[in-house]
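This report concerns only the one structure given below.
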Amino acid sequence: MDIKRAKQEIKDAVEAYLLKDAFGEYKIPVIRQRPVLLMGPPGIGKTQVMEQIAKELKIGLVAYTITHHTRQSAVGLPFIKEKEYGGKMYSVTEYTMSEIIASVYDKMEQTGMREGILFIDEINCVSETLAPAMLQFLQGKTFGTHKVPEGWIIVAAGNPPEYNKSVREFDVVTLDRLKKIDVEADFPVWKEYAYRQGVHPAVISYLELRRENFYRVENTVDGRLFATARGWEDLSQIIQVYEELGKTVDRDVVYQYIQHRAAAKDFANYLELYYKYKTDYKVEDILEGKWDALTLQKIRSAAFDEHLSIISLLNGSLGGMFRDCSSQDMYVAKLYEYLVRYRDNQTNLMLEDVRETAEREMEEQKRAELLTKEEEKIWMRVTDTLTRFVSELKGELFAEGEAFERVRALFQKEKEELDALTERTSKMLENAFLFLEDAFGESQEMVAFVTELNANYYSVWFIKENGCDLYYRYNKGLLFDERRKDVIRQMDEVESMLNTGIR
C-alpha cells in the first residue's frame, strides 16, 4: 500500500489500542496489542508519518534508529546485586534501565503525556549481539528486564533486504506476533505531501514528467544508484536556499542528493530550462495580467514539455501566494481568538494579561510537542503582535471601552493586510486562467493547470474560502468537479482531526 494508507492503518491501530472501557482498562489487553511493523524502502517518509500521527492524536513520541545502539544502551548495563535465597546470600547480575525505556519515562515527565508511540527504525538491521534483544522486545515488549510502560504503542520500521545488505529476516514466531504493513513509494501520494511541505515547484513538475525517476534503486557494475523521496525533498530545500543566496544548483550539486547519474543529469538540465522559461516568459508579469501577442505566439509554437514548464511556473508562484494567505489567515484567526478574550473580560483582564496567557499557552503546547513548526511560528507572531499592541497603549489613559476600541483599530490593520493579500492572490489566479485561455483555450494545458490546483492543499483551501469563477467553470467543464469535491472532503476531515488549537 502507499504511505498515506499506511499512515491511516497505523493511526487506526493506535486509536484501537488506546481505547478504554468504562473501568479505565484497555479494551484490547496490552498482551494482545501487537507491535506494528512497517516495512518499505528507505526515504519514503516513515518517520514523518510517526510524527504526524503523534501530533494528530495528541500523544507522545519517542523515536530511535536502533542501528545507532549497542546492546548495552538498548538493554542496560550489568551490575552485581546481593540477594538472599533459602537463607543464604548470593551475588546476582541485574541490569540498569534501558536507555530507550528511560527515554519513554523522560518523555512522560517532559510532556505530561501518559500515552504515546515508541518508534524503532531500522529494526531488522541490528547487530548480531543486539538481535536477540530486539526479538524479545517485539515478542514481550521489554528491553532486558524493563517493560515498555502501558499506554505506549510499539511501532517498528525496517527496509526489505533488496535495499540493505545487513537486513536480518524475522522468523515466523516473531512475525506471528506483529501487525505487519508493507508500504511502497507512490508519487501521487507524495505529491500531495510535497505541496503541503512547500517542495520546490521545479522538483514537483519534473517528477510529474519523469515519474520513473521519483524512486529508483539499481545495482550496476559501478555500484548502487538510487533516487529517493527523501533525496528529492532535501534537494528542494537546498535549491530554495541557493536561490536566496544567488548560488547555482548544477549537476554536481544535484548528484549529492540524487545519487543516480542519469536522473541527476536529467533534472539539472530541466532546472536550467525552468529558470530560463521563468525569465523568457516573465511569469510574474503574466500573473499581474501583463502579456502580449508576441508572448502568446512564442508559447504556442513551443514544445508541449515547455508548455508544462510554464504551467508549473504559474502554479509554483501561485502556490507560494496560497501558502502565504493560509498562514496570514491562521495568524489573524489566532490573534482574534485572544482579542475576544480581552473584549469579554475587560474588567478583569488587561491586554498585558492576554499577551502573557498567549505566551504561556504556546510554551505548554511546545513542551507537549503538539505544535508543528508552522503553527509555532504563527503563535510566535501572535505574541509579538500582542506585545506591539501593549506597547502602543502603554502610558495612555482611556475612558471605559476606549482601550478596546483602540485595540480593535490595531487589529483591523492586520485584517486589512489579509484582505489585500487575498485580493491580490485572487487576481493573480484569474490572470493565470485568462492567460491560458488566450494561449491554449480548453486544451491539455488547461487540464494540467486545473489538475495541479486540485492536487495542492493550499490552492483548494484558497478557492474554497474565496471562490474563483474561472476555476469552477473549467473544473466542471473538464470533468474535475468530483475530484475537487473529494479533495475538499479530505481536507475537511484532516482539519477536524488536526484540531491543535491554532484555528
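Letters for chains follow the order of the C-alpha cells (A, B, ...), residue numbers begin at 1 for each chain, and ligand numbers begin at 1 in the order shown.
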A:Val447 environment, 9 Å, only C-alpha atoms, sequence neighbours closer than 2 positions dropped, as an mmCIF file with C-alpha atoms, in the first residue's frame:
data_model
loop_
_atom_site.group_PDB
_atom_site.id
_atom_site.type_symbol
_atom_site.label_atom_id
_atom_site.label_comp_id
_atom_site.auth_asym_id
_atom_site.auth_seq_id
_atom_site.Cartn_x
_atom_site.Cartn_y
_atom_site.Cartn_z
ATOM 1 C CA GLU A 442 -9.726 24.369 -23.349
ATOM 2 C CA SER A 443 -6.749 22.156 -24.020
ATOM 3 C CA GLN A 444 -4.453 19.651 -22.341
ATOM 4 C CA GLU A 445 -2.559 22.590 -20.878
ATOM 5 C CA PHE A 449 -3.205 23.532 -14.739
ATOM 6 C CA VAL A 450 -6.507 22.584 -13.083
ATOM 7 C CA THR A 451 -5.129 19.163 -12.131
ATOM 8 C CA GLU A 452 -2.272 20.761 -10.201
ATOM 9 C CA TYR A 474 -13.035 24.861 -16.106
ATOM 10 C CA ASN A 475 -13.086 22.438 -13.205
ATOM 11 C CA LEU A 478 -13.003 19.476 -17.738
ATOM 12 C CA PHE A 480 -12.744 17.701 -12.412
#
For stretch 302-307 of chain A, work out the shell of residues within 10 Å, counting only C-alpha atoms and skipping chain neighbours fewer than 6 positions away, then give it as a list of chain:residue names.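 Final neighbour list, sorted by chain and number: A:Tyr206, A:Leu209, A:Leu273, A:Tyr274, A:Tyr277, A:Leu313, A:Ala439, A:Phe440, A:Gln444, A:Glu445, A:Ala448.
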Polymer residues at most 9 Å from A:Leu335, only C-alpha atoms, same-chain spacing of 2 or more positions, as a list in words: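 Contacts, with the query itself left out: Met330, Tyr331, Val332, Ala333, Glu337, Tyr338, Leu339, Val340, Trp379, Arg381, Val382, Thr383, Thr385, Leu386 and Phe411 of chain A.
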Please list as a ChimeraX atom specification every residue within 12 Å of A:Asp292, counting only C-alpha atoms and excluding residues in the same chain fewer than 2 positions away. /A:281-282,285-286,289-290,294-299,435,438-439
Atoms kept (C-alpha atoms) for selection, written as a PDB file, in the first residue's frame:
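What follows is the written file out-v3.pdb:
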ATOM      1  CA  TYR A 281       8.123  34.335 -20.331  1.00  0.00           C
ATOM      2  CA  LYS A 282       8.159  36.799 -17.424  1.00  0.00           C
ATOM      3  CA  ASP A 285       4.224  39.798 -15.317  1.00  0.00           C
ATOM      4  CA  ILE A 286       1.713  37.200 -16.543  1.00  0.00           C
ATOM      5  CA  GLY A 289      -2.047  40.495 -16.121  1.00  0.00           C
ATOM      6  CA  LYS A 290       0.711  41.688 -18.484  1.00  0.00           C
ATOM      7  CA  LEU A 294       4.443  38.013 -29.075  1.00  0.00           C
ATOM      8  CA  THR A 295       4.452  36.063 -25.800  1.00  0.00           C
ATOM      9  CA  LEU A 296       1.364  34.114 -26.868  1.00  0.00           C
ATOM     10  CA  GLN A 297       2.866  33.308 -30.258  1.00  0.00           C
ATOM     11  CA  LYS A 298       6.120  32.174 -28.668  1.00  0.00           C
ATOM     12  CA  ILE A 299       4.481  29.789 -26.219  1.00  0.00           C
ATOM     13  CA  PHE A 435      -3.502  33.820 -19.988  1.00  0.00           C
ATOM     14  CA  ASP A 438      -5.591  33.182 -24.642  1.00  0.00           C
ATOM     15  CA  ALA A 439      -2.688  30.793 -25.210  1.00  0.00           C
TER      16      ALA A 439
END
Out of A:Asp250, A:Glu284, A:Asp186, A:Leu235, which residue has the shortest atom-to-atom distance to A:Met428 when counting only C-alpha atoms?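 Closest to A:Met428 of all the choices is A:Glu284.
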Which polymer residues have any atom within 12 Å of an atom of A:Leu418, counting only C-alpha atoms, with same-chain residues fewer than 2 positions away left out, as a JSON list (two decimals) with all heavy atoms, in the first residue's frame?
[["chain", "number", "residue", "atom", "x", "y", "z"],
["A", 321, "MET", "N", 1.76, 32.07, -3.00],
["A", 321, "MET", "CA", 0.75, 33.03, -2.57],
["A", 321, "MET", "C", -0.35, 32.34, -1.75],
["A", 321, "MET", "O", -0.80, 32.89, -0.74],
["A", 321, "MET", "CB", 0.14, 33.73, -3.79],
["A", 321, "MET", "CG", 1.11, 34.52, -4.63],
["A", 321, "MET", "SD", 1.78, 35.96, -3.75],
["A", 321, "MET", "CE", 0.33, 37.01, -3.67],
["A", 322, "PHE", "N", -0.77, 31.16, -2.19],
["A", 322, "PHE", "CA", -1.80, 30.43, -1.44],
["A", 322, "PHE", "C", -1.31, 30.09, -0.03],
["A", 322, "PHE", "O", -2.06, 30.23, 0.95],
["A", 322, "PHE", "CB", -2.18, 29.14, -2.17],
["A", 322, "PHE", "CG", -2.82, 29.34, -3.51],
["A", 322, "PHE", "CD1", -2.54, 28.48, -4.57],
["A", 322, "PHE", "CD2", -3.69, 30.39, -3.74],
["A", 322, "PHE", "CE1", -3.13, 28.66, -5.81],
["A", 322, "PHE", "CE2", -4.28, 30.58, -4.99],
["A", 322, "PHE", "CZ", -4.00, 29.70, -6.03],
["A", 324, "ASP", "N", 0.97, 31.70, 1.69],
["A", 324, "ASP", "CA", 1.04, 32.95, 2.45],
["A", 324, "ASP", "C", -0.34, 33.36, 2.95],
["A", 324, "ASP", "O", -0.49, 33.82, 4.09],
["A", 324, "ASP", "CB", 1.63, 34.07, 1.59],
["A", 324, "ASP", "CG", 3.12, 33.87, 1.31],
["A", 324, "ASP", "OD1", 3.74, 33.04, 2.01],
["A", 324, "ASP", "OD2", 3.64, 34.53, 0.39],
["A", 325, "CYS", "N", -1.34, 33.20, 2.10],
["A", 325, "CYS", "CA", -2.71, 33.53, 2.51],
["A", 325, "CYS", "C", -3.18, 32.63, 3.65],
["A", 325, "CYS", "O", -3.81, 33.10, 4.61],
["A", 325, "CYS", "CB", -3.67, 33.40, 1.32],
["A", 325, "CYS", "SG", -3.56, 34.74, 0.12],
["A", 326, "SER", "N", -2.88, 31.34, 3.55],
["A", 326, "SER", "CA", -3.26, 30.41, 4.60],
["A", 326, "SER", "C", -2.59, 30.78, 5.92],
["A", 326, "SER", "O", -3.23, 30.81, 6.97],
["A", 326, "SER", "CB", -2.88, 28.98, 4.20],
["A", 326, "SER", "OG", -3.12, 28.08, 5.25],
["A", 327, "SER", "N", -1.30, 31.08, 5.86],
["A", 327, "SER", "CA", -0.56, 31.45, 7.06],
["A", 327, "SER", "C", -1.11, 32.74, 7.67],
["A", 327, "SER", "O", -1.30, 32.82, 8.89],
["A", 327, "SER", "CB", 0.93, 31.61, 6.72],
["A", 327, "SER", "OG", 1.67, 31.99, 7.85],
["A", 328, "GLN", "N", -1.38, 33.73, 6.83],
["A", 328, "GLN", "CA", -1.91, 35.00, 7.31],
["A", 328, "GLN", "C", -3.30, 34.81, 7.90],
["A", 328, "GLN", "O", -3.65, 35.41, 8.93],
["A", 328, "GLN", "CB", -1.97, 36.02, 6.16],
["A", 328, "GLN", "CG", -2.48, 37.41, 6.55],
["A", 328, "GLN", "CD", -1.46, 38.22, 7.32],
["A", 328, "GLN", "OE1", -0.34, 37.77, 7.54],
["A", 328, "GLN", "NE2", -1.85, 39.41, 7.74],
["A", 329, "ASP", "N", -4.10, 33.95, 7.29],
["A", 329, "ASP", "CA", -5.45, 33.68, 7.79],
["A", 329, "ASP", "C", -5.39, 33.01, 9.16],
["A", 329, "ASP", "O", -6.15, 33.37, 10.08],
["A", 329, "ASP", "CB", -6.20, 32.80, 6.80],
["A", 329, "ASP", "CG", -7.61, 32.50, 7.24],
["A", 329, "ASP", "OD1", -8.47, 33.39, 7.11],
["A", 329, "ASP", "OD2", -7.86, 31.38, 7.73],
["A", 330, "MET", "N", -4.50, 32.03, 9.32],
["A", 330, "MET", "CA", -4.35, 31.35, 10.60],
["A", 330, "MET", "C", -3.86, 32.31, 11.67],
["A", 330, "MET", "O", -4.31, 32.27, 12.82],
["A", 330, "MET", "CB", -3.38, 30.17, 10.45],
["A", 330, "MET", "CG", -3.90, 29.05, 9.56],
["A", 330, "MET", "SD", -2.64, 27.81, 9.18],
["A", 330, "MET", "CE", -2.50, 26.98, 10.75],
["A", 331, "TYR", "N", -2.95, 33.21, 11.29],
["A", 331, "TYR", "CA", -2.43, 34.21, 12.23],
["A", 331, "TYR", "C", -3.54, 35.15, 12.69],
["A", 331, "TYR", "O", -3.70, 35.40, 13.89],
["A", 331, "TYR", "CB", -1.29, 34.98, 11.56],
["A", 331, "TYR", "CG", -1.06, 36.36, 12.10],
["A", 331, "TYR", "CD1", -0.52, 36.56, 13.37],
["A", 331, "TYR", "CD2", -1.38, 37.48, 11.33],
["A", 331, "TYR", "CE1", -0.32, 37.84, 13.87],
["A", 331, "TYR", "CE2", -1.17, 38.76, 11.82],
["A", 331, "TYR", "CZ", -0.65, 38.94, 13.08],
["A", 331, "TYR", "OH", -0.46, 40.20, 13.55],
["A", 332, "VAL", "N", -4.31, 35.68, 11.75],
["A", 332, "VAL", "CA", -5.39, 36.61, 12.10],
["A", 332, "VAL", "C", -6.44, 35.91, 12.95],
["A", 332, "VAL", "O", -6.95, 36.50, 13.92],
["A", 332, "VAL", "CB", -6.02, 37.21, 10.81],
["A", 332, "VAL", "CG1", -7.31, 37.97, 11.13],
["A", 332, "VAL", "CG2", -5.03, 38.14, 10.12],
["A", 333, "ALA", "N", -6.77, 34.65, 12.62],
["A", 333, "ALA", "CA", -7.76, 33.91, 13.40],
["A", 333, "ALA", "C", -7.28, 33.70, 14.83],
["A", 333, "ALA", "O", -8.06, 33.83, 15.79],
["A", 333, "ALA", "CB", -8.05, 32.57, 12.73],
["A", 411, "PHE", "N", -6.18, 45.83, 15.35],
["A", 411, "PHE", "CA", -6.47, 44.52, 14.75],
["A", 411, "PHE", "C", -6.98, 44.68, 13.33],
["A", 411, "PHE", "O", -6.65, 43.88, 12.44],
["A", 411, "PHE", "CB", -7.50, 43.77, 15.60],
["A", 411, "PHE", "CG", -8.00, 42.52, 14.95],
["A", 411, "PHE", "CD1", -7.22, 41.37, 14.93],
["A", 411, "PHE", "CD2", -9.24, 42.48, 14.34],
["A", 411, "PHE", "CE1", -7.67, 40.21, 14.33],
["A", 411, "PHE", "CE2", -9.70, 41.32, 13.73],
["A", 411, "PHE", "CZ", -8.91, 40.19, 13.72],
["A", 412, "GLN", "N", -7.77, 45.74, 13.09],
["A", 412, "GLN", "CA", -8.33, 45.95, 11.76],
["A", 412, "GLN", "C", -7.23, 46.12, 10.72],
["A", 412, "GLN", "O", -7.38, 45.68, 9.57],
["A", 412, "GLN", "CB", -9.26, 47.17, 11.76],
["A", 412, "GLN", "CG", -10.02, 47.39, 10.47],
["A", 412, "GLN", "CD", -10.91, 46.22, 10.09],
["A", 412, "GLN", "OE1", -11.43, 45.51, 10.97],
["A", 412, "GLN", "NE2", -11.08, 45.99, 8.79],
["A", 413, "LYS", "N", -6.11, 46.72, 11.11],
["A", 413, "LYS", "CA", -4.98, 46.87, 10.19],
["A", 413, "LYS", "C", -4.42, 45.50, 9.79],
["A", 413, "LYS", "O", -4.04, 45.28, 8.64],
["A", 413, "LYS", "CB", -3.89, 47.73, 10.82],
["A", 413, "LYS", "CG", -4.27, 49.19, 11.00],
["A", 413, "LYS", "CD", -3.12, 49.98, 11.60],
["A", 413, "LYS", "CE", -3.49, 51.44, 11.80],
["A", 413, "LYS", "NZ", -2.40, 52.21, 12.43],
["A", 414, "GLU", "N", -4.36, 44.57, 10.76],
["A", 414, "GLU", "CA", -3.89, 43.22, 10.46],
["A", 414, "GLU", "C", -4.86, 42.52, 9.52],
["A", 414, "GLU", "O", -4.45, 41.83, 8.59],
["A", 414, "GLU", "CB", -3.75, 42.41, 11.76],
["A", 414, "GLU", "CG", -2.88, 43.04, 12.82],
["A", 414, "GLU", "CD", -1.44, 43.21, 12.38],
["A", 414, "GLU", "OE1", -0.88, 42.26, 11.78],
["A", 414, "GLU", "OE2", -0.86, 44.29, 12.65],
["A", 415, "LYS", "N", -6.14, 42.71, 9.77],
["A", 415, "LYS", "CA", -7.17, 42.11, 8.92],
["A", 415, "LYS", "C", -7.11, 42.69, 7.51],
["A", 415, "LYS", "O", -7.29, 41.97, 6.51],
["A", 415, "LYS", "CB", -8.55, 42.36, 9.53],
["A", 415, "LYS", "CG", -9.72, 41.82, 8.73],
["A", 415, "LYS", "CD", -9.73, 40.30, 8.68],
["A", 415, "LYS", "CE", -11.06, 39.75, 8.18],
["A", 415, "LYS", "NZ", -11.45, 40.24, 6.87],
["A", 416, "GLU", "N", -6.85, 43.98, 7.40],
["A", 416, "GLU", "CA", -6.76, 44.61, 6.08],
["A", 416, "GLU", "C", -5.59, 44.07, 5.27],
["A", 416, "GLU", "O", -5.67, 43.94, 4.05],
["A", 416, "GLU", "CB", -6.64, 46.12, 6.24],
["A", 416, "GLU", "CG", -7.95, 46.79, 6.68],
["A", 416, "GLU", "CD", -7.76, 48.25, 7.07],
["A", 416, "GLU", "OE1", -6.60, 48.73, 7.04],
["A", 416, "GLU", "OE2", -8.76, 48.91, 7.41],
["A", 420, "ALA", "N", -6.00, 42.41, 1.64],
["A", 420, "ALA", "CA", -5.24, 42.88, 0.48],
["A", 420, "ALA", "C", -4.49, 41.72, -0.17],
["A", 420, "ALA", "O", -4.45, 41.60, -1.41],
["A", 420, "ALA", "CB", -4.27, 43.98, 0.91],
["A", 421, "LEU", "N", -3.89, 40.86, 0.66],
["A", 421, "LEU", "CA", -3.16, 39.70, 0.13],
["A", 421, "LEU", "C", -4.12, 38.76, -0.58],
["A", 421, "LEU", "O", -3.82, 38.23, -1.66],
["A", 421, "LEU", "CB", -2.45, 38.97, 1.27],
["A", 421, "LEU", "CG", -1.65, 37.72, 0.90],
["A", 421, "LEU", "CD1", -0.54, 38.06, -0.09],
["A", 421, "LEU", "CD2", -1.09, 37.05, 2.15],
["A", 422, "THR", "N", -5.30, 38.56, 0.00],
["A", 422, "THR", "CA", -6.30, 37.68, -0.60],
["A", 422, "THR", "C", -6.77, 38.22, -1.95],
["A", 422, "THR", "O", -6.89, 37.49, -2.93],
["A", 422, "THR", "CB", -7.50, 37.52, 0.34],
["A", 422, "THR", "OG1", -7.06, 36.93, 1.57],
["A", 422, "THR", "CG2", -8.57, 36.63, -0.27],
["A", 423, "GLU", "N", -7.04, 39.53, -2.00],
["A", 423, "GLU", "CA", -7.50, 40.15, -3.24],
["A", 423, "GLU", "C", -6.44, 40.04, -4.33],
["A", 423, "GLU", "O", -6.75, 39.73, -5.48],
["A", 423, "GLU", "CB", -7.85, 41.62, -2.98],
["A", 423, "GLU", "CG", -8.43, 42.33, -4.20],
["A", 423, "GLU", "CD", -8.82, 43.76, -3.91],
["A", 423, "GLU", "OE1", -8.78, 44.17, -2.72],
["A", 423, "GLU", "OE2", -9.15, 44.49, -4.87],
["A", 424, "ARG", "N", -5.18, 40.27, -3.96],
["A", 424, "ARG", "CA", -4.09, 40.19, -4.94],
["A", 424, "ARG", "C", -3.93, 38.77, -5.46],
["A", 424, "ARG", "O", -3.74, 38.54, -6.66],
["A", 424, "ARG", "CB", -2.78, 40.67, -4.31],
["A", 424, "ARG", "CG", -1.60, 40.67, -5.27],
["A", 424, "ARG", "CD", -0.45, 41.49, -4.73],
["A", 424, "ARG", "NE", 0.65, 41.48, -5.67],
["A", 424, "ARG", "CZ", 1.75, 40.76, -5.53],
["A", 424, "ARG", "NH1", 1.91, 39.96, -4.49],
["A", 424, "ARG", "NH2", 2.72, 40.80, -6.45],
["A", 425, "THR", "N", -4.02, 37.80, -4.56],
["A", 425, "THR", "CA", -3.88, 36.40, -4.96],
["A", 425, "THR", "C", -5.04, 35.98, -5.86],
["A", 425, "THR", "O", -4.83, 35.26, -6.86],
["A", 425, "THR", "CB", -3.82, 35.50, -3.71],
["A", 425, "THR", "OG1", -2.73, 35.92, -2.88],
["A", 425, "THR", "CG2", -3.61, 34.04, -4.10]]
DSSP helix (DSSP H, G or I) residues within stretch 53-103 of chain A, listed as a PyMOL selection string: chain A and resi 53-57+66-68+71-75+99-103
Could you state the separation of atom CA of A:Ile123 and atom CA of A:Val167 in Å, given to one decimal place?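 So the answer is 8.8 Å.
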Minimum-distance residue to A:Cys125, chosen among A:Phe170, A:Tyr255, A:Phe404, A:Tyr90 (using only C-alpha atoms):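 Of the candidates, the smallest distance to A:Cys125 is held by A:Phe170.
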List the neighbours of A:Ser236 out to 7 Å using only C-alpha atoms; skip same-chain residues closer than 6 positions along the sequence, and give me the result as a list in words.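 Near A:Ser236, the qualifying residues are Val199, His200 and Val203 of chain A.
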Between atom CA of A:Leu130 and atom CA of A:Met50, what distance in Å does the model show, to one decimal?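 Those two atoms sit 23.8 Å apart.
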Which residue gives the smallest distance to A:Gln72 among A:Leu118, A:Met97, A:Ile238, A:Ala263, with only C-alpha atoms counted? A:Met97
From the options A:Val126, A:Ile10, A:Ile44, A:Leu434, which residue's atoms come nearest to A:Tyr215, counting only C-alpha atoms? A:Ile44
From the list A:Ile80, A:Ile154, A:Ile258, A:Met113, which residue is nearest A:Tyr17 when using only C-alpha atoms?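 Selected residue with least distance to A:Tyr17: A:Ile154.
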I want to know what sits within 12 Å of stretch 347-363 of chain A, based on only C-alpha atoms, with residues of the same chain fewer than 3 positions away left out; could you give that as a PyMOL selection string? chain A and resi 111+334-344+366-372+375-394+400-401+403-404+406-408+500-502
One decimal, Å: what's the distance from atom CA of A:Glu109 over to atom CA of A:Lys27, could you say?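 Computing it gives 25.5 Å between the two atoms.
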